[in-house]
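First comes the structure, then the notes that go with it.
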There are 2 protein chains.
Amino acid sequence: MPVAEDGEGVGEARKGATLGRRATTRRIGIADVALKAGVSHATVSRVMNGNFTVDPAIAARVRAAATELNYQPNPVGRSLALGKTDTIGIVVPDLSNPTFQAILRGLSMAAAQDGYRVLIADSSEVSSEEAILAGEARRRCDGLVLCAPRMGDAELEELAPSLQPMVLINRTTVDTHTPSLMVDYGQGIQELAEHLVDLGHTRLAFLAGPARSASNGLRLVGLKKFMTAHPEIELTMLDGGSTFEAGHQSVDAVVASGATGILAFNDLVAMGLLSGLHERGVRVPEDISVTGFDDIPFARYTTPTLTTAAVPITELGQQAWHRMRDLIRHVPSDAVAEGPTVFQPRLEVRGSTGAAKG
Amino acid sequence: MPVAEDGEGVGEARKGATLGRRATTRRIGIADVALKAGVSHATVSRVMNGNFTVDPAIAARVRAAATELNYQPNPVGRSLALGKTDTIGIVVPDLSNPTFQAILRGLSMAAAQDGYRVLIADSSEVSSEEAILAGEARRRCDGLVLCAPRMGDAELEELAPSLQPMVLINRTTVDTHTPSLMVDYGQGIQELAEHLVDLGHTRLAFLAGPARSASNGLRLVGLKKFMTAHPEIELTMLDGGSTFEAGHQSVDAVVASGATGILAFNDLVAMGLLSGLHERGVRVPEDISVTGFDDIPFARYTTPTLTTAAVPITELGQQAWHRMRDLIRHVPSDAVAEGPTVFQPRLEVRGSTGAAKG
DNA sequence: GAATGATGAGAAAGCGTTTTCTCAGAACGT
DNA sequence: ACGTTCTGAGAAAACGCTTTCTCATCATTC
């Protein structure tokens with residue numbers, strides 16, 4: 001009877017079991033396969049990675065041993081050796097926001113296509129934690145997508161170099177090798193306002209979003225432009241937020257403002273407002289017209305359906321991955337030097353806006 | 001002039017730079033800190049991990065060097081040495097579904113509390129990919145949460161051992177050390193049906209969900225019970241799905257069924273249906289009553305507001321983490337042996353249900 | 001038939017940590 | 001003053017893999 005060549009004595013030679021670091025049976029490693037196939041670790045590695053400098057006969061033997069033992073290379077070991085993790089991180093301010101969920105989904109699906117996974121870091125709108133969280137995540141991943149970070153400009157600039165490769169969403173850096181994807185909220189809100197004016201509304205109100213939100217700032221800039229172009233229009237600014245509740249709670253303020261055309265910060269706020277107005281018996285769009293922003297899937301199914309500015313959110317996530325992929329693969333991209341990629345929202349007229357009351 | 005003790009010659013001795021594996025300046029490693037502090041790697045490691053067998057003076061020197069160089073331990077290296085990644089994976093069938101988003105959020109936030117991160121694996125409802133995806137994810141993580149897996153029972157049983165530690169959501173295994181969190185969809189749908197009966201409805205319809213969905217099966221079981229308890233009630237089964245579109249498209253079938261109380265598979269389907277009925281001029285709840293399931297945040301803000309069965313979805317995610325944590329820490333839990341933890345949905349009566357037409 | 005060149009596989013050196021092992025040197029007791 | 005125990009830090013092994021380096025072996029050529 002042969003002694004070791006039969007390949008059955010795999011486990012007994014392993015130190016792990018006797019060392020007792022882990023009481024449980026150790027996972028199958030490259031050494032086990034090597035032993036079983038009667039070759040060295042190196043050869044097994046070569047076979048597993050499709051290196052063709054291996055004798056076909058031996059390769060077959062290795063593959064047989066691998067499948068028989070159901071061997072799967074340990075990703076951590078590979079990561080350490082290769083210096084990459086095949087994982088990217090995404091930092092979002094709030095995972096409960098449908099916008100960020102959609103971006104996450106687009107990113108995750110696109111990355112999966114290329115064999116990459118996504119690690120989540122939710123800062124829960126705590127901007128002070130963002131930096132640590134981002135650094136933490138970055139070290140575990142090959143790259144980082146920062147989604148509308150709430151941190152200040154200075155901090156972002158300072159952090160940027162240590163987070164490379166990085167892709168920004170709805171934020172920019174002076175750093176020339178950080179791609180940035182922006183939605184033109186300013187343009188979008190102007191189009192919505194114009195739409196209301198076209199319908200005959202002369203008194204508008206804007207339900208603002210969170211103060212720290214950069215996208216809220218862009219909307220304000222857009223509205224300023226709008227007001228200079230339409231000095232005849234009265235525009236009331238109302239404090240709001242980014243949630244259902246914010247919209248719902250601002251019903252009183254909205255009604256009190258006397259405005260007939262309401263620009264909500266986003267679809268969520270608009271839906272909250274819609275619901276509040278309905279409870280009050282205010283008819284939409286007969287009495288008051290309401291617009292949202294983002295065109296989340298729900299916007300098609302509200303009553304009435306919601307006029308909004310459609311943002312290709314999921315595509316934004318996809319694009320983020322494509323930029324990231326180029327960075328990781330060191331594909332030179334002139335798109336980065338040309339500044340941020342800007343996505344134009346598309347006006348989506350539905351049932352929540354109508355002609356102003358006689 | 002001292003030669004190396006000044007600690008300034010840190011970079012020059014490093015092989016990485018000259019080796020040229022990476023053109024870019026190498027990341028700061030433990031060796032750099034050791035060199036700068038004039039101690040060995042081992043000591044640096046001890047200090048970084050709060051091992052108190054280090055002379056306070058030396059420890060201080062190491063810490064100073066570490067902060068000065070802005071040293072952060074490489075997580076991959078740690079993972080390899082420690083045999084853990086501080087990461088858990090979650091496999092979901094469809095990230096665009098609000099239910100799974102909520103679970104993800106609950107899981108992610110709870111795990112973050114304990115310093116763990118979450119890796120996403122979206123199977124896109126392709127049940128054949130689920131197994132590979134799960135295995136892949138598991139190897140990168142310390143544990144796996146399988147969220148309503150679509151794979152067959154046999155495959156799940158077979159896979160279970162290799163995925164430990166694992167937590168199941170809305171699925172069970174015979175495997176006694178796999179915690180399972182279940183929502184009692186059967187009970188919930190019965191309560192909704194009872195609610196409609198109490199309102200005087202005698203002709204009901206159920207808009208079914210995806211065939212592969214285990215939770216749909218539970219609803220069907222619940223409805224069977226309901227029918228035996230209420231032989232006088234007529235219940236029509238209609239094919240549906242789990243999306244807005246499914247609900248919206250089934251308007252014709254719903255109206256044709258002649259039912260006045262509609263049990264939609266979930267809130268999304270209910271919202272799609274609501275919207276379709278509104279377009280047709282069918283009044284809710286005057287002409288037809290509609291119920292959803294899950295109580296997603298949007299359910300409070302539909303018009304009319306949606307009667308539904310509230311499931312503590314985010315809490316489900318949290319609980320999933322707590323179970324996982326116990327598994328990872330080897331905390332003996334009798335809860336597992338006692339079978340799945342069952343969450344009872346709570347009937348949430350809102351505006352979409354009303355008395356049956358006289 | 002010996003020198004040269006391919007070819008292919010093993011040995012060993014990384015990757016960046018943690019942790020065990022080992023051994024100086026200090027503190028202590030007799 | 002000498003041996004013993006402790007303390008604390010360095011050397012080295014381990015984690016699981018990839019990849020370079022090295023060297024047999026065999027085919028080729030003059």
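Starting from 1 in every chain, residues are counted up; chains themselves are A, B, ... following the order of the structure tokens, and ligands are numbered from 1 as listed.
In this structure, the chain C residues at most 12 Å away from chain A are DA6, DT7, DG8, DA9, DG10, DA11, DA12, DA13, DG14, DC15, DG16, DT17, DT19 and DT20 of chain C, with only C-alpha atoms (C1' of nucleotides) considered.
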- Mind checking which residues fall within 9 Å of segment 247-261 of chain B, counting only C-alpha atoms (C1' of nucleotides), ignoring those fewer than 4 positions away in the same chain, and posting them as a PyMOL selection string? (chain A and resi 301) or (chain B and resi 193+196-197+201-207+234-236+238-243+265+268-277+280+287-291+353+356-357)
Kindly save the residues from that selection, with N, CA and C atoms included, as a compact mmCIF listing (two decimals), in the first residue's frame.
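New file part_3.txt:
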# COMPACT_ATOMS: atom_id res chain seq x y z
N TYR A 301 -47.30 56.64 -9.26
CA TYR A 301 -48.45 55.97 -8.66
C TYR A 301 -49.08 56.73 -7.50
N ALA B 193 -57.99 39.79 5.71
CA ALA B 193 -59.21 39.24 5.15
C ALA B 193 -60.36 39.38 6.15
N LEU B 196 -61.71 42.78 6.19
CA LEU B 196 -62.61 43.07 5.07
C LEU B 196 -63.99 42.43 5.31
N VAL B 197 -63.97 41.23 5.86
CA VAL B 197 -65.24 40.57 6.15
C VAL B 197 -66.03 41.37 7.19
N HIS B 201 -67.67 42.85 3.44
CA HIS B 201 -67.33 42.33 2.11
C HIS B 201 -67.52 40.81 2.09
N THR B 202 -68.09 40.33 0.98
CA THR B 202 -68.29 38.88 0.85
C THR B 202 -67.57 38.32 -0.36
N ARG B 203 -67.17 39.19 -1.23
CA ARG B 203 -66.42 38.73 -2.41
C ARG B 203 -65.04 39.36 -2.38
N LEU B 204 -64.05 38.52 -2.15
CA LEU B 204 -62.67 39.01 -2.04
C LEU B 204 -61.83 38.50 -3.21
N ALA B 205 -60.69 39.14 -3.42
CA ALA B 205 -59.73 38.65 -4.41
C ALA B 205 -58.32 38.81 -3.86
N PHE B 206 -57.45 37.86 -4.18
CA PHE B 206 -56.05 37.94 -3.76
C PHE B 206 -55.16 38.10 -4.98
N LEU B 207 -54.40 39.17 -4.98
CA LEU B 207 -53.42 39.39 -6.05
C LEU B 207 -52.12 38.73 -5.62
N GLU B 234 -66.50 34.31 -0.88
CA GLU B 234 -65.96 33.94 -2.18
C GLU B 234 -64.58 34.60 -2.35
N LEU B 235 -63.56 33.79 -2.63
CA LEU B 235 -62.21 34.35 -2.78
C LEU B 235 -61.61 34.00 -4.15
N THR B 236 -61.38 34.99 -4.94
CA THR B 236 -60.80 34.77 -6.27
C THR B 236 -59.28 34.93 -6.22
N LEU B 238 -55.92 35.74 -8.19
CA LEU B 238 -55.46 36.38 -9.42
C LEU B 238 -53.93 36.39 -9.45
N ASP B 239 -53.38 36.14 -10.64
CA ASP B 239 -51.93 36.21 -10.77
C ASP B 239 -51.48 37.65 -10.69
N GLY B 240 -50.32 37.85 -10.12
CA GLY B 240 -49.85 39.23 -9.99
C GLY B 240 -48.36 39.31 -10.10
N GLY B 241 -47.73 39.71 -9.04
CA GLY B 241 -46.29 39.89 -9.03
C GLY B 241 -45.97 40.66 -7.77
N SER B 242 -44.85 41.36 -7.76
CA SER B 242 -44.48 42.06 -6.53
C SER B 242 -44.22 43.53 -6.78
N THR B 243 -44.65 44.03 -7.93
CA THR B 243 -44.29 45.40 -8.30
C THR B 243 -45.50 46.29 -8.54
N PHE B 265 -50.71 41.56 -2.87
CA PHE B 265 -49.56 40.82 -2.35
C PHE B 265 -48.75 41.67 -1.38
N LEU B 268 -46.60 47.69 -2.61
CA LEU B 268 -46.29 48.15 -3.96
C LEU B 268 -47.40 47.79 -4.92
N VAL B 269 -47.80 46.53 -4.87
CA VAL B 269 -48.87 46.06 -5.75
C VAL B 269 -50.14 46.84 -5.45
N ALA B 270 -50.40 47.04 -4.17
CA ALA B 270 -51.61 47.79 -3.78
C ALA B 270 -51.57 49.20 -4.35
N MET B 271 -50.40 49.83 -4.30
CA MET B 271 -50.29 51.19 -4.82
C MET B 271 -50.50 51.21 -6.33
N GLY B 272 -49.97 50.24 -7.01
CA GLY B 272 -50.18 50.17 -8.45
C GLY B 272 -51.66 50.00 -8.76
N LEU B 273 -52.30 49.17 -7.97
CA LEU B 273 -53.72 48.92 -8.16
C LEU B 273 -54.53 50.19 -7.87
N LEU B 274 -54.18 50.83 -6.76
CA LEU B 274 -54.85 52.08 -6.37
C LEU B 274 -54.81 53.07 -7.51
N SER B 275 -53.62 53.21 -8.07
CA SER B 275 -53.43 54.16 -9.16
C SER B 275 -54.28 53.76 -10.36
N GLY B 276 -54.30 52.48 -10.68
CA GLY B 276 -55.07 52.01 -11.82
C GLY B 276 -56.56 52.23 -11.61
N LEU B 277 -57.02 51.95 -10.41
CA LEU B 277 -58.44 52.13 -10.11
C LEU B 277 -58.83 53.60 -10.21
N ARG B 280 -59.41 54.66 -13.65
CA ARG B 280 -60.65 54.12 -14.19
C ARG B 280 -61.88 54.77 -13.58
N ASP B 287 -66.16 52.14 -3.67
CA ASP B 287 -66.55 51.06 -4.58
C ASP B 287 -65.79 49.77 -4.26
N ILE B 288 -64.50 49.93 -4.05
CA ILE B 288 -63.65 48.77 -3.80
C ILE B 288 -62.69 49.08 -2.65
N SER B 289 -62.48 48.12 -1.77
CA SER B 289 -61.50 48.28 -0.69
C SER B 289 -60.23 47.56 -1.09
N VAL B 290 -59.08 48.15 -0.74
CA VAL B 290 -57.79 47.57 -1.11
C VAL B 290 -56.89 47.48 0.12
N THR B 291 -56.22 46.36 0.27
CA THR B 291 -55.23 46.25 1.35
C THR B 291 -53.87 45.91 0.76
N THR B 353 -59.69 51.03 3.02
CA THR B 353 -60.74 50.03 3.24
C THR B 353 -61.95 50.67 3.90
N ALA B 356 -68.53 47.62 2.80
CA ALA B 356 -68.93 47.15 1.48
C ALA B 356 -70.16 47.91 1.03
N LYS B 357 -70.26 48.05 -0.28
CA LYS B 357 -71.41 48.78 -0.81
C LYS B 357 -72.70 48.09 -0.40
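Residues with any atom within 8 Å of Pro149 of chain A, counting only C-alpha atoms (C1' of nucleotides) and excluding same-chain neighbours fewer than 5 positions away, are Val91, Val92, Pro93, Ser127, Glu130 and Arg171 of chain A.
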Selection from above, C-alpha atoms, as a compact mmCIF listing (two decimals), in the first residue's frame, can you write it?
# COMPACT_ATOMS: atom_id res chain seq x y z
CA VAL A 91 -20.53 56.14 1.56
CA VAL A 92 -24.08 57.41 1.76
CA PRO A 93 -25.57 59.92 4.18
CA SER A 127 -21.18 64.53 8.87
CA GLU A 130 -18.10 60.66 7.46
CA ARG A 171 -20.07 67.04 -5.18
- Can you check which residues of chain B have any atom within 9 Å of chain A? Use only C-alpha atoms and format it as a VMD selection string. chain B and resid 72 to 77 79 to 80 83 85 87 95 to 96 98 101 to 102 104 to 105 108 to 109 112 117 to 122 124 136 to 137 139 to 140 244 248 268 271 to 276 278 297 to 298 300 to 305
Would you write out those residues with C-alpha atoms, as a compact mmCIF listing (two decimals), in the first residue's frame?
# COMPACT_ATOMS: atom_id res chain seq x y z
CA GLN B 72 -3.57 52.85 9.90
CA PRO B 73 -3.27 49.07 10.04
CA ASN B 74 -4.05 47.33 6.79
CA PRO B 75 -7.33 45.47 7.29
CA VAL B 76 -6.47 42.76 4.78
CA GLY B 77 -3.31 41.89 6.64
CA SER B 79 -7.94 39.72 8.38
CA LEU B 80 -5.48 37.13 7.23
CA GLY B 83 -9.03 34.89 10.42
CA THR B 85 -12.92 40.25 8.24
CA THR B 87 -17.69 42.06 7.49
CA LEU B 95 -32.37 45.39 -4.15
CA SER B 96 -35.06 47.52 -5.76
CA PRO B 98 -38.31 48.40 -0.49
CA GLN B 101 -33.86 47.77 1.29
CA ALA B 102 -35.31 48.18 4.75
CA LEU B 104 -30.48 45.92 4.51
CA ARG B 105 -30.69 49.20 6.31
CA SER B 108 -26.25 47.66 8.17
CA MET B 109 -26.98 50.09 10.98
CA ALA B 112 -22.14 49.22 12.23
CA ARG B 117 -19.60 46.30 7.67
CA VAL B 118 -22.05 44.84 5.20
CA LEU B 119 -21.25 43.49 1.78
CA ILE B 120 -24.09 43.32 -0.72
CA ALA B 121 -24.89 40.50 -3.08
CA ASP B 122 -27.92 41.06 -5.27
CA SER B 124 -31.47 39.90 -9.31
CA GLU B 136 -18.54 33.92 -3.01
CA ALA B 137 -19.86 36.36 -0.46
CA ARG B 139 -15.75 33.47 1.76
CA ARG B 140 -15.17 37.21 1.93
CA PHE B 244 -46.25 48.55 -9.04
CA HIS B 248 -51.44 48.41 -12.15
CA LEU B 268 -46.29 48.15 -3.96
CA MET B 271 -50.29 51.19 -4.82
CA GLY B 272 -50.18 50.17 -8.45
CA LEU B 273 -53.72 48.92 -8.16
CA LEU B 274 -54.85 52.08 -6.37
CA SER B 275 -53.43 54.16 -9.16
CA GLY B 276 -55.07 52.01 -11.82
CA HIS B 278 -58.21 55.88 -9.79
CA PRO B 297 -43.23 54.22 4.69
CA PHE B 298 -45.11 55.23 1.55
CA ARG B 300 -49.08 56.38 5.03
CA TYR B 301 -48.97 58.81 2.18
CA THR B 302 -50.99 57.26 -0.58
CA THR B 303 -54.39 58.62 -1.49
CA PRO B 304 -56.32 57.21 0.19
CA THR B 305 -53.89 56.04 2.85
DSSP-assigned alpha helix (DSSP H) among segment 102-147 of chain B, expressed as a compact mmCIF listing (two decimals) with all heavy atoms, in the first residue's frame:
# COMPACT_ATOMS: atom_id res chain seq x y z
N ALA B 102 -35.13 47.90 3.33
CA ALA B 102 -35.31 48.18 4.75
C ALA B 102 -34.54 47.18 5.60
O ALA B 102 -33.92 47.54 6.61
CB ALA B 102 -36.79 48.16 5.11
N ILE B 103 -34.58 45.92 5.20
CA ILE B 103 -33.84 44.90 5.94
C ILE B 103 -32.35 45.22 5.89
O ILE B 103 -31.65 45.20 6.90
CB ILE B 103 -34.11 43.50 5.36
CG1 ILE B 103 -35.55 43.09 5.66
CG2 ILE B 103 -33.12 42.49 5.92
CD1 ILE B 103 -35.96 41.79 5.03
N LEU B 104 -31.89 45.55 4.69
CA LEU B 104 -30.48 45.92 4.51
C LEU B 104 -30.10 47.07 5.43
O LEU B 104 -29.06 47.05 6.09
CB LEU B 104 -30.25 46.31 3.06
CG LEU B 104 -28.92 46.97 2.75
CD1 LEU B 104 -27.77 46.03 3.08
CD2 LEU B 104 -28.84 47.40 1.29
N ARG B 105 -30.97 48.04 5.48
CA ARG B 105 -30.69 49.20 6.31
C ARG B 105 -30.61 48.83 7.78
O ARG B 105 -29.66 49.19 8.49
CB ARG B 105 -31.76 50.27 6.10
CG ARG B 105 -31.48 51.56 6.81
CD ARG B 105 -32.20 52.70 6.15
NE ARG B 105 -33.60 52.38 5.97
CZ ARG B 105 -34.54 52.68 6.87
NH1 ARG B 105 -34.22 53.33 7.96
NH2 ARG B 105 -35.79 52.36 6.65
N GLY B 106 -31.59 48.09 8.24
CA GLY B 106 -31.59 47.66 9.63
C GLY B 106 -30.34 46.85 9.95
O GLY B 106 -29.69 47.07 10.98
N LEU B 107 -29.99 45.98 9.06
CA LEU B 107 -28.82 45.14 9.25
C LEU B 107 -27.55 45.98 9.28
O LEU B 107 -26.72 45.85 10.18
CB LEU B 107 -28.73 44.12 8.11
CG LEU B 107 -27.61 43.11 8.18
CD1 LEU B 107 -27.92 42.06 9.23
CD2 LEU B 107 -27.39 42.44 6.83
N SER B 108 -27.45 46.84 8.31
CA SER B 108 -26.25 47.66 8.17
C SER B 108 -26.03 48.56 9.38
O SER B 108 -24.92 48.66 9.91
CB SER B 108 -26.36 48.51 6.90
OG SER B 108 -25.41 49.54 6.91
N MET B 109 -27.10 49.18 9.85
CA MET B 109 -26.98 50.09 10.98
C MET B 109 -26.63 49.33 12.25
O MET B 109 -25.78 49.76 13.02
CB MET B 109 -28.28 50.86 11.17
CG MET B 109 -28.76 51.52 9.89
SD MET B 109 -29.13 53.24 10.14
CE MET B 109 -27.63 53.80 10.88
N ALA B 110 -27.30 48.21 12.45
CA ALA B 110 -27.04 47.43 13.66
C ALA B 110 -25.61 46.89 13.65
O ALA B 110 -24.90 46.94 14.66
CB ALA B 110 -28.04 46.29 13.77
N ALA B 111 -25.18 46.40 12.51
CA ALA B 111 -23.84 45.84 12.41
C ALA B 111 -22.79 46.93 12.62
O ALA B 111 -21.76 46.71 13.26
CB ALA B 111 -23.64 45.18 11.05
N ALA B 112 -23.08 48.11 12.10
CA ALA B 112 -22.14 49.22 12.23
C ALA B 112 -21.90 49.55 13.70
O ALA B 112 -20.80 49.91 14.11
CB ALA B 112 -22.66 50.44 11.48
N GLN B 113 -22.95 49.42 14.49
CA GLN B 113 -22.83 49.66 15.93
C GLN B 113 -21.74 48.81 16.56
O GLN B 113 -21.09 49.22 17.51
CB GLN B 113 -24.16 49.32 16.62
CG GLN B 113 -25.32 50.21 16.24
CD GLN B 113 -25.39 51.44 17.11
OE1 GLN B 113 -25.16 51.34 18.31
NE2 GLN B 113 -25.67 52.58 16.54
N SER B 127 -32.46 32.75 -9.42
CA SER B 127 -32.24 31.81 -8.32
C SER B 127 -31.07 30.87 -8.58
O SER B 127 -30.46 30.36 -7.65
CB SER B 127 -33.51 31.00 -8.07
OG SER B 127 -33.87 30.29 -9.24
N SER B 128 -30.72 30.69 -9.85
CA SER B 128 -29.62 29.77 -10.15
C SER B 128 -28.27 30.38 -9.74
O SER B 128 -27.33 29.66 -9.42
CB SER B 128 -29.61 29.43 -11.64
OG SER B 128 -29.55 30.62 -12.40
N GLU B 129 -28.19 31.69 -9.74
CA GLU B 129 -26.93 32.35 -9.37
C GLU B 129 -26.76 32.46 -7.87
O GLU B 129 -25.66 32.73 -7.38
CB GLU B 129 -26.88 33.75 -9.98
CG GLU B 129 -26.58 33.77 -11.45
CD GLU B 129 -25.48 34.78 -11.76
OE1 GLU B 129 -24.97 35.40 -10.81
OE2 GLU B 129 -25.15 34.94 -12.93
N GLU B 130 -27.86 32.29 -7.18
CA GLU B 130 -27.85 32.55 -5.74
C GLU B 130 -26.79 31.76 -4.99
O GLU B 130 -26.07 32.30 -4.15
CB GLU B 130 -29.23 32.23 -5.16
CG GLU B 130 -29.92 33.41 -4.58
CD GLU B 130 -31.32 33.04 -4.11
OE1 GLU B 130 -31.61 31.85 -3.96
OE2 GLU B 130 -32.09 33.96 -3.89
N ALA B 131 -26.69 30.48 -5.34
CA ALA B 131 -25.75 29.61 -4.63
C ALA B 131 -24.32 30.09 -4.80
O ALA B 131 -23.59 30.23 -3.82
CB ALA B 131 -25.90 28.18 -5.13
N ILE B 132 -23.92 30.36 -6.01
CA ILE B 132 -22.56 30.79 -6.27
C ILE B 132 -22.30 32.12 -5.57
O ILE B 132 -21.30 32.32 -4.91
CB ILE B 132 -22.31 30.96 -7.78
CG1 ILE B 132 -22.79 29.72 -8.52
CG2 ILE B 132 -20.86 31.25 -8.06
CD1 ILE B 132 -23.75 30.03 -9.65
N LEU B 133 -23.26 33.01 -5.74
CA LEU B 133 -23.16 34.33 -5.14
C LEU B 133 -22.99 34.22 -3.63
O LEU B 133 -22.13 34.88 -3.03
CB LEU B 133 -24.44 35.10 -5.45
CG LEU B 133 -24.33 36.60 -5.59
CD1 LEU B 133 -23.39 36.93 -6.73
CD2 LEU B 133 -25.69 37.20 -5.84
N ALA B 134 -23.79 33.37 -3.04
CA ALA B 134 -23.75 33.20 -1.59
C ALA B 134 -22.38 32.68 -1.16
O ALA B 134 -21.77 33.18 -0.22
CB ALA B 134 -24.86 32.26 -1.13
N GLY B 135 -21.89 31.67 -1.87
CA GLY B 135 -20.59 31.10 -1.54
C GLY B 135 -19.48 32.14 -1.65
O GLY B 135 -18.68 32.31 -0.73
N GLU B 136 -19.49 32.83 -2.76
CA GLU B 136 -18.54 33.92 -3.01
C GLU B 136 -18.53 34.91 -1.84
O GLU B 136 -17.48 35.24 -1.29
CB GLU B 136 -18.97 34.68 -4.26
CG GLU B 136 -18.31 34.25 -5.54
CD GLU B 136 -17.17 35.19 -5.85
OE1 GLU B 136 -16.99 36.15 -5.09
OE2 GLU B 136 -16.46 34.94 -6.83
N ALA B 137 -19.73 35.35 -1.51
CA ALA B 137 -19.86 36.36 -0.46
C ALA B 137 -19.39 35.80 0.88
O ALA B 137 -18.67 36.47 1.62
CB ALA B 137 -21.31 36.83 -0.37
N ARG B 138 -19.77 34.57 1.13
CA ARG B 138 -19.43 33.97 2.42
C ARG B 138 -17.93 33.93 2.65
O ARG B 138 -17.45 34.15 3.75
CB ARG B 138 -20.02 32.57 2.51
CG ARG B 138 -19.63 31.80 3.76
CD ARG B 138 -20.08 32.53 5.01
NE ARG B 138 -19.59 31.85 6.21
CZ ARG B 138 -18.39 32.07 6.70
NH1 ARG B 138 -17.59 32.95 6.12
NH2 ARG B 138 -18.00 31.43 7.77
N ARG B 139 -17.19 33.60 1.60
CA ARG B 139 -15.75 33.47 1.76
C ARG B 139 -15.09 34.80 2.08
O ARG B 139 -14.02 34.85 2.68
CB ARG B 139 -15.15 32.87 0.48
CG ARG B 139 -14.76 31.42 0.66
CD ARG B 139 -14.46 30.79 -0.65
NE ARG B 139 -15.69 30.39 -1.32
CZ ARG B 139 -15.99 30.68 -2.59
NH1 ARG B 139 -15.16 31.38 -3.32
NH2 ARG B 139 -17.13 30.28 -3.09
N ARG B 140 -15.71 35.88 1.66
CA ARG B 140 -15.17 37.21 1.93
C ARG B 140 -15.59 37.74 3.29
O ARG B 140 -15.11 38.78 3.72
CB ARG B 140 -15.71 38.21 0.91
CG ARG B 140 -15.22 38.03 -0.47
CD ARG B 140 -15.69 39.22 -1.30
NE ARG B 140 -14.66 39.71 -2.16
CZ ARG B 140 -14.24 39.08 -3.24
NH1 ARG B 140 -14.76 37.94 -3.56
NH2 ARG B 140 -13.29 39.59 -3.98
- Atomic distance atom CA of Asp294 of chain A - atom CA of Gly186 of chain A, expressed in Å with one decimal: 12.8 Å
- Please identify all polymer residues within 9 Å of segment 46-50 of chain A, counting only C-alpha atoms (C1' of nucleotides), omitting same-chain residues fewer than 6 positions from it, and present them as an MDAnalysis selection string. (chainID A and resid 58:60 62:63 66 73) or (chainID D and resid 18)
- Message: Tell me as an MDAnalysis selection string which residues belonging to chain D come within 12 Å of chain B, counting only C-alpha atoms (C1' of nucleotides).
- Response: chainID D and resid 6:17 19:20
- Item | strand (DSSP E or B) positions in segment 138-344 of chain A, given as number ranges by chain | A: 143-147, 166-169, 180-183, 203-207, 234-238, 261-264, 289-291, 294, 307-310, 341-343
Excluding DA3 of chain C and its own-chain neighbours fewer than 5 positions away, which residues fall within 12 Å of it when counting only C-alpha atoms (C1' of nucleotides)? Please give them as a PDB file with C-alpha atoms (C1' of nucleotides), in the first residue's frame.
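See around-v7.pdb below for the written result:
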ATOM      1  C1'  DT D  28      17.427  20.797 -30.309  1.00  0.00           C
ATOM      2  C1'  DT D  29      21.438  21.891 -32.970  1.00  0.00           C
ATOM      3  C1'  DC D  30      26.148  21.871 -34.875  1.00  0.00           C
TER       4       DC D  30
END
